[in-house]
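Inspection log for the structure reproduced underneath, given as structure tokens.
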Amino acid sequence: MLNEILQTIPQVVIDGLTLGAVYAVIALGYTMVYGILELINFAHGEIFMSGAFIGTAILIVLTGMGWVSAVPAIVMLITVLVLTAVLTGLLGMGIERVAYRPLRNAPRLIPLITAIGISFLLQDIVRFIAELQKGNYIVTGPNLFKDQISIKASSISAIFNDASIKTSFVIVLVTAVIMMIGLDIFVNRTKWGMAMRAVAQDRETASLMTVNVNKVISITFFIGSALGGATGVLFAVQYGTIDPYIGFILGLKAFTAAVLGGIGNIRGAMLGGLLLGLLEMFASANLTLLSGGVFGAEYKDVFAFAILIIVLLFKPEGLLGKPVTEKV
Amino acid sequence: MLQLKKVESFYGGIQALKSIDVAVEKGEIVTLIGSNGAGKSTTLKSISGLVKVKTGNIVYNGREISNKPAHEVTLLGIAHVPEGRRIFPKLTVKENLLIGAFSVKNKHVVQERIEKVFQYFPKLKSRLDQKGGTMSGGEQQMLAIGRALMMKPDLLMLDEPSMGLAPIIVEQIFDIIKELNQEGITILLVEQNAYQALQIADRGYVIQTGEIRLHGYGHDLIKNEEVREAYLA
Ligand SMILES: Nc1ncnc2c1ncn2[C@@H]1O[C@H](COP(=O)(O)OP(=O)(O)O)[C@@H](O)[C@H]1O
Ligand SMILES: [Mg+2]
């Protein structure tokens, strides 16, 4: 049995890292907003979904103009990613301004419920527009990357099977990693990143340091939503078909990843995302085998969430989270 | 330089300040003393914009500043060192200092100010990479004052800088406050430690349940019977 599991490892790692990178980038949006406002922004999954639709719409329009065949796919992708990131960034910033800021001093439950309301609103708006434009809310975009790459893992060691990757997998993984590294540098090395950390630790004192707290919160929403929206584009490129409800389950998983890593902790979200992706793919490949046929691959989510619960039982603050201490 | 005229502030429905009149002239050390819950911190917070002022005026260098957001008030040259120091625990000492100069674009100016802070608090120099939260109370107070100096304030407001510190450290902090004042920074000092505060202050105000009870020269207040009984016993 061990041998069979080992054989699938290369494919599990590749698929798991790719899926995990998607979770990780979305998890960043949850964790950043939580870190700064202690708000679980449930609408973040829908920002991701909006990004998938906006990106696909841009691609369809550009294809209609004959651009897609004329320009290298990678240039096309970068253009769409940047445009979508800016648009979803503004969307997230706008949502904070209109829906969350007026509730800044309200009891915690109220902005939480508002966030859920915004989720439904975004789902319905996107569905409405999609049906108006395409006559169907399930949309398939143009295929940018069709090639497959094969990795000869068997030549490294005979234990492994060969793994195959679609080019789009590589693109997704590389882009997600670039976004994570970029964010990490921004948060830890730049002035506004420092202001963001200061606001997360003590909003009132940050404002005494001439830091415009509202501006920092807007920037946080912009960045988190831009990353989430760009990941939506990656998702659309990867899977081709999207609908207005993809944000729900993916958002939930990314939120789980954020909790697994320690909510509020940026590197924790990255780690949590990658781990969750790997666990899920591992379960999907091996559950049947491990359970002697009792559980099929469709139980992968149960497996992943069971791991989450176990981790939280022993480390309630998450893998990289600090134990909660009372503020002095 | 700074005038509070009939200032009233509330927390929800609870009135914390009742028609407060306080004035600080350029170059002075003015102290605001009173027991726990009297409204000292609320007075400073009303000035710096952390607490909304319901009625009355706060005028700084001829400008109405009441209910301006805190980040704008501080930009005018008013630094507020909050009660309990409020160091950013997960930022390094260096970052804690840098955030004080957040609005300063020029890197050389920032570096000059850091050097200046080291002159007052040489200890900080060897701790730059340490997390703020791991420092002792006295070190955190020095860092909190250093962080405020990074703004190059004209008016420095200190909320109970002696709180919870050993007498010898308190001595040092008060010496530095005097020194800062001699270099031209106007000081508004909130203290429960009335005796020491009145000793270094030009003038003092006594606040009780949100009202100014007494005011006068520091050396007069030290001798005042009422003050002696209530705060210097
Ligand atoms: N955040 C708050 N919410 C409600 N009441 C407060 C708050 N902060 C202070 N108070 C009340 O306002 C009054 C003045 O408090 P404060 O200015 O902190 O006093 P001091 O600094 O002199 O000890 C007290 O009665 C206190 O209970
Ligand atoms: Mg106080």
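Chain lettering (A, B, ...) mirrors the order of the structure tokens, residue numbering begins at 1 for each chain separately, and ligand numbering begins at 1 in order of display.
Distance criterion 9 Å to chain B, applied with only C-alpha atoms, yields Lys191, Trp192, Met194, Ala195, Arg197, Ala198, Gln201, Asp202, Glu204, Thr205, Ala206, Ser207, Leu208, Met209, Thr210, Val211, Asn212, Val213 and Val328 of chain A on chain A.
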Need the shell around Glu38 in chain A: protein/DNA/RNA residues with any atom at most 10 Å away, counting only C-alpha atoms. Skip same-chain ones fewer than 6 positions apart. Format as a PDB file with N, CA and C atoms, in the first residue's frame?
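The result, stored in part05.pdb:
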ATOM      1  N   TYR A  30      -8.623  37.193   3.492  1.00  0.00           N
ATOM      2  CA  TYR A  30      -9.340  37.022   4.761  1.00  0.00           C
ATOM      3  C   TYR A  30      -8.470  37.460   5.930  1.00  0.00           C
ATOM      4  N   THR A  31      -7.237  37.001   5.897  1.00  0.00           N
ATOM      5  CA  THR A  31      -6.375  37.200   7.050  1.00  0.00           C
ATOM      6  C   THR A  31      -5.982  38.664   7.216  1.00  0.00           C
ATOM      7  N   MET A  32      -5.755  39.361   6.090  1.00  0.00           N
ATOM      8  CA  MET A  32      -5.375  40.780   6.176  1.00  0.00           C
ATOM      9  C   MET A  32      -6.504  41.600   6.785  1.00  0.00           C
ATOM     10  N   ARG A 108     -19.751  43.296  16.781  1.00  0.00           N
ATOM     11  CA  ARG A 108     -19.094  42.471  15.764  1.00  0.00           C
ATOM     12  C   ARG A 108     -20.032  41.735  14.804  1.00  0.00           C
ATOM     13  N   ALA A 200      -3.003  47.264  12.565  1.00  0.00           N
ATOM     14  CA  ALA A 200      -3.529  45.971  13.009  1.00  0.00           C
ATOM     15  C   ALA A 200      -3.301  45.783  14.511  1.00  0.00           C
ATOM     16  N   ILE A 263      -5.339  32.903  11.986  1.00  0.00           N
ATOM     17  CA  ILE A 263      -5.959  34.054  11.303  1.00  0.00           C
ATOM     18  C   ILE A 263      -5.340  35.358  11.786  1.00  0.00           C
ATOM     19  N   GLY A 264      -5.101  36.238  10.834  1.00  0.00           N
ATOM     20  CA  GLY A 264      -4.422  37.489  11.136  1.00  0.00           C
ATOM     21  C   GLY A 264      -2.943  37.434  10.792  1.00  0.00           C
TER      22      GLY A 264
END
### Query
Quick one: of B:Gly204, B:Pro167, B:Gly37, B:Pro122, who's nearest to ligand 1, counting only C-alpha atoms and all ligand atoms?
B:Gly37
### Task
Grab me every residue within 10 Å of ligand 2, counting only C-alpha atoms and all ligand atoms, and send it over as an MDAnalysis selection string.
chainID B and resid 34:45 82:84 159:160 163 190:192
Selected residues written out with all heavy atoms, as a compact mmCIF listing (two decimals), in the first residue's frame:
# COMPACT_ATOMS: atom_id res chain seq x y z
N GLY B 34 -4.76 65.00 38.99
CA GLY B 34 -6.07 64.58 39.47
C GLY B 34 -6.05 63.09 39.71
O GLY B 34 -5.17 62.39 39.21
N SER B 35 -7.06 62.63 40.46
CA SER B 35 -7.03 61.21 40.79
C SER B 35 -7.57 60.38 39.63
O SER B 35 -7.98 60.90 38.60
CB SER B 35 -7.81 60.96 42.08
OG SER B 35 -9.03 61.65 42.02
N ASN B 36 -7.57 59.08 39.85
CA ASN B 36 -8.01 58.14 38.84
C ASN B 36 -9.45 58.42 38.41
O ASN B 36 -10.32 58.60 39.24
CB ASN B 36 -7.92 56.73 39.45
CG ASN B 36 -7.61 55.71 38.39
OD1 ASN B 36 -7.53 56.04 37.20
ND2 ASN B 36 -7.46 54.47 38.79
N GLY B 37 -9.68 58.49 37.10
CA GLY B 37 -11.04 58.68 36.59
C GLY B 37 -11.50 60.13 36.58
O GLY B 37 -12.66 60.42 36.31
N ALA B 38 -10.60 61.07 36.85
CA ALA B 38 -10.99 62.48 36.94
C ALA B 38 -11.25 63.10 35.57
O ALA B 38 -12.01 64.06 35.46
CB ALA B 38 -9.90 63.26 37.66
N GLY B 39 -10.64 62.53 34.54
CA GLY B 39 -10.83 63.09 33.19
C GLY B 39 -9.54 63.59 32.56
O GLY B 39 -9.57 64.28 31.55
N LYS B 40 -8.40 63.21 33.13
CA LYS B 40 -7.11 63.67 32.60
C LYS B 40 -6.87 63.13 31.18
O LYS B 40 -6.58 63.88 30.26
CB LYS B 40 -5.95 63.23 33.52
CG LYS B 40 -6.11 63.66 34.97
CD LYS B 40 -4.92 63.24 35.82
CE LYS B 40 -4.74 61.74 35.96
NZ LYS B 40 -5.86 61.06 36.66
N SER B 41 -6.99 61.80 31.06
CA SER B 41 -6.74 61.20 29.75
C SER B 41 -7.75 61.70 28.72
O SER B 41 -7.40 61.96 27.56
CB SER B 41 -6.83 59.68 29.82
OG SER B 41 -5.85 59.18 30.70
N THR B 42 -8.99 61.86 29.16
CA THR B 42 -10.03 62.33 28.24
C THR B 42 -9.68 63.72 27.72
O THR B 42 -9.93 64.04 26.56
CB THR B 42 -11.39 62.33 28.95
OG1 THR B 42 -11.63 61.04 29.50
CG2 THR B 42 -12.50 62.66 27.97
N THR B 43 -9.11 64.56 28.59
CA THR B 43 -8.71 65.90 28.15
C THR B 43 -7.68 65.80 27.01
O THR B 43 -7.83 66.43 25.97
CB THR B 43 -8.11 66.70 29.33
OG1 THR B 43 -9.05 66.68 30.40
CG2 THR B 43 -7.81 68.13 28.93
N LEU B 44 -6.66 64.96 27.21
CA LEU B 44 -5.64 64.81 26.16
C LEU B 44 -6.25 64.21 24.89
O LEU B 44 -5.95 64.64 23.78
CB LEU B 44 -4.48 63.92 26.64
CG LEU B 44 -3.61 64.48 27.77
CD1 LEU B 44 -2.31 63.67 27.88
CD2 LEU B 44 -3.27 65.95 27.56
N LYS B 45 -7.13 63.23 25.08
CA LYS B 45 -7.75 62.59 23.91
C LYS B 45 -8.65 63.55 23.15
O LYS B 45 -8.79 63.45 21.93
CB LYS B 45 -8.56 61.37 24.34
CG LYS B 45 -7.70 60.18 24.73
CD LYS B 45 -8.59 59.02 25.14
CE LYS B 45 -7.77 57.82 25.58
NZ LYS B 45 -8.66 56.73 26.05
N PRO B 82 0.47 58.26 24.74
CA PRO B 82 -0.72 57.82 25.46
C PRO B 82 -0.40 57.10 26.76
O PRO B 82 0.72 56.65 27.00
CB PRO B 82 -1.40 56.87 24.48
CG PRO B 82 -0.31 56.40 23.58
CD PRO B 82 0.72 57.48 23.53
N GLU B 83 -1.43 57.05 27.62
CA GLU B 83 -1.31 56.33 28.89
C GLU B 83 -0.99 54.86 28.60
O GLU B 83 -1.51 54.25 27.69
CB GLU B 83 -2.67 56.43 29.60
CG GLU B 83 -2.69 55.79 30.97
CD GLU B 83 -4.05 56.04 31.65
OE1 GLU B 83 -4.56 57.16 31.59
OE2 GLU B 83 -4.56 55.09 32.25
N GLY B 84 -0.10 54.32 29.41
CA GLY B 84 0.28 52.91 29.23
C GLY B 84 1.22 52.70 28.06
O GLY B 84 1.39 51.57 27.60
N ASP B 159 0.87 61.36 28.92
CA ASP B 159 -0.17 60.86 29.83
C ASP B 159 0.44 59.87 30.82
O ASP B 159 0.76 58.74 30.48
CB ASP B 159 -1.31 60.20 29.02
CG ASP B 159 -2.58 60.03 29.86
OD1 ASP B 159 -2.48 60.09 31.11
OD2 ASP B 159 -3.64 59.83 29.27
N GLU B 160 0.61 60.31 32.04
CA GLU B 160 1.16 59.51 33.13
C GLU B 160 2.42 58.73 32.76
O GLU B 160 2.45 57.51 32.84
CB GLU B 160 0.10 58.54 33.68
CG GLU B 160 -1.12 59.29 34.20
CD GLU B 160 -1.91 58.49 35.22
OE1 GLU B 160 -1.28 57.74 35.99
OE2 GLU B 160 -3.15 58.63 35.23
N MET B 163 3.79 56.15 35.33
CA MET B 163 2.96 55.03 35.78
C MET B 163 3.70 53.69 35.81
O MET B 163 4.28 53.24 34.82
CB MET B 163 1.75 54.90 34.85
CG MET B 163 0.71 53.91 35.33
SD MET B 163 -0.29 53.41 33.95
CE MET B 163 -1.74 54.39 34.23
N VAL B 190 0.30 65.08 32.04
CA VAL B 190 -0.76 64.54 32.89
C VAL B 190 -0.13 63.60 33.90
O VAL B 190 0.69 62.77 33.54
CB VAL B 190 -1.80 63.79 32.03
CG1 VAL B 190 -2.57 62.79 32.87
CG2 VAL B 190 -2.75 64.77 31.37
N GLU B 191 -0.45 63.80 35.19
CA GLU B 191 0.16 62.94 36.21
C GLU B 191 -0.77 62.68 37.39
O GLU B 191 -1.60 63.51 37.75
CB GLU B 191 1.46 63.59 36.74
CG GLU B 191 2.73 63.12 36.06
CD GLU B 191 2.99 61.62 36.18
OE1 GLU B 191 2.42 60.97 37.06
OE2 GLU B 191 3.78 61.10 35.36
N GLN B 192 -0.63 61.50 37.97
CA GLN B 192 -1.21 61.27 39.30
C GLN B 192 -0.15 61.54 40.35
O GLN B 192 -0.44 61.82 41.50
CB GLN B 192 -1.66 59.81 39.42
CG GLN B 192 -3.03 59.55 38.82
CD GLN B 192 -3.61 58.23 39.28
OE1 GLN B 192 -3.82 58.01 40.46
NE2 GLN B 192 -3.85 57.36 38.32
### Message
I'd like the neighbourhood of Leu17 in chain B as a PyMOL selection string, where a residue qualifies if any of its atoms comes within 6 Å (using only C-alpha atoms), though same-chain residues fewer than 5 positions away should be ignored.
### Response
chain B and resi 8-9+210
Please produce a file of the residues just selected, as a PDB file, in the first residue's frame, where the atoms kept are all heavy atoms.
ATOM      1  N   GLU B   8     -16.591  70.155  26.527  1.00  0.00           N
ATOM      2  CA  GLU B   8     -17.361  69.052  27.111  1.00  0.00           C
ATOM      3  C   GLU B   8     -17.240  67.831  26.206  1.00  0.00           C
ATOM      4  O   GLU B   8     -17.473  67.915  25.004  1.00  0.00           O
ATOM      5  CB  GLU B   8     -18.840  69.440  27.231  1.00  0.00           C
ATOM      6  CG  GLU B   8     -19.046  70.834  27.817  1.00  0.00           C
ATOM      7  CD  GLU B   8     -20.179  70.888  28.831  1.00  0.00           C
ATOM      8  OE1 GLU B   8     -21.226  70.300  28.547  1.00  0.00           O
ATOM      9  OE2 GLU B   8     -19.979  71.502  29.911  1.00  0.00           O
ATOM     10  N   SER B   9     -16.875  66.691  26.813  1.00  0.00           N
ATOM     11  CA  SER B   9     -16.758  65.461  26.030  1.00  0.00           C
ATOM     12  C   SER B   9     -17.540  64.350  26.710  1.00  0.00           C
ATOM     13  O   SER B   9     -17.691  64.341  27.932  1.00  0.00           O
ATOM     14  CB  SER B   9     -15.292  65.041  25.890  1.00  0.00           C
ATOM     15  OG  SER B   9     -14.564  66.031  25.218  1.00  0.00           O
ATOM     16  N   GLY B 210     -14.147  65.538  36.145  1.00  0.00           N
ATOM     17  CA  GLY B 210     -14.416  66.215  34.881  1.00  0.00           C
ATOM     18  C   GLY B 210     -14.453  67.732  34.939  1.00  0.00           C
ATOM     19  O   GLY B 210     -14.806  68.384  33.966  1.00  0.00           O
TER      20      GLY B 210
END
### Counting only C-alpha atoms and all ligand atoms, the residue of B:Ile212, B:Val109, B:Val117, B:Ala197 that sits nearest ligand 1
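Among B:Ile212, B:Val109, B:Val117, B:Ala197, it is B:Ile212 that comes nearest to ligand 1.
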### Task
Would you return as a count of residues only the members of range 97-143 of chain A that DSSP assigns to helix (DSSP H, G or I) on this structure's backbone?
33
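Take CA of Glu298 in chain A and CA of Leu279 in chain A: the distance between them is 13.3 Å.
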### Query
Nearest to ligand 1: which of B:Leu158, B:Lys6, B:Leu232, B:Leu198 is it, counting only C-alpha atoms and all ligand atoms?
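Answer, going by the shortest atom-to-atom distance: B:Leu158.
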#### Entry: CA of Val68 in chain A to CA of Phe48 in chain A, distance in Å rounded to a single decimal
23.2 Å
Which residues, written as a short mmCIF file (atom, residue, chain, number, x, y, z; two decimals) with C-alpha atoms, in the first residue's frame, have at least one atom at most 12 Å from range 120-137 of chain A, with only C-alpha atoms counted and residues fewer than 6 positions away on the same chain left out?
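Below you can see around-v8.cif, which holds the result:
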data_model
loop_
_atom_site.label_atom_id
_atom_site.label_comp_id
_atom_site.auth_asym_id
_atom_site.auth_seq_id
_atom_site.Cartn_x
_atom_site.Cartn_y
_atom_site.Cartn_z
CA PHE A 42 -17.34 36.67 4.02
CA ALA A 43 -17.76 38.63 0.81
CA HIS A 44 -14.14 37.92 -0.07
CA GLY A 45 -15.07 34.62 -1.76
CA GLU A 46 -17.42 36.60 -3.98
CA ILE A 47 -14.65 39.07 -4.83
CA PHE A 48 -12.70 36.06 -6.08
CA MET A 49 -15.74 34.97 -8.10
CA SER A 50 -16.22 38.49 -9.49
CA GLY A 51 -12.57 38.43 -10.52
CA ALA A 52 -13.14 35.19 -12.43
CA PHE A 53 -16.08 36.78 -14.27
CA ILE A 54 -14.41 40.13 -14.91
CA THR A 56 -13.35 36.10 -18.46
CA ALA A 57 -15.39 39.04 -19.74
CA ILE A 60 -14.04 37.41 -24.36
CA VAL A 61 -14.06 41.05 -25.40
CA THR A 88 -11.72 43.95 -7.98
CA LEU A 91 -14.68 46.82 -5.73
CA GLY A 92 -13.37 45.59 -2.38
CA ILE A 95 -17.53 47.68 -0.31
CA ALA A 99 -20.90 48.76 3.87
CA ILE A 113 -24.07 39.70 8.73
CA THR A 114 -23.54 42.62 6.36
CA THR A 241 -15.99 27.06 -16.73
CA ILE A 242 -17.21 29.37 -13.99
CA ASP A 243 -20.51 30.21 -12.31
CA PRO A 244 -21.55 32.83 -9.74
CA TYR A 245 -21.38 30.31 -6.89
CA ILE A 246 -17.74 29.23 -7.15
CA GLY A 247 -16.81 31.79 -4.51
CA PHE A 248 -18.75 30.09 -1.77
#
### Task
Take CA of Tyr205 in chain B and CA of Asn57 in chain B and report the distance between them in Å, one decimal.
18.1 Å
### Contacts of Ser157 in chain A at 12 Å (only C-alpha atoms; same-chain gap of 5+ positions) as a ChimeraX atom specification
/A:6-7,9-10,152,162
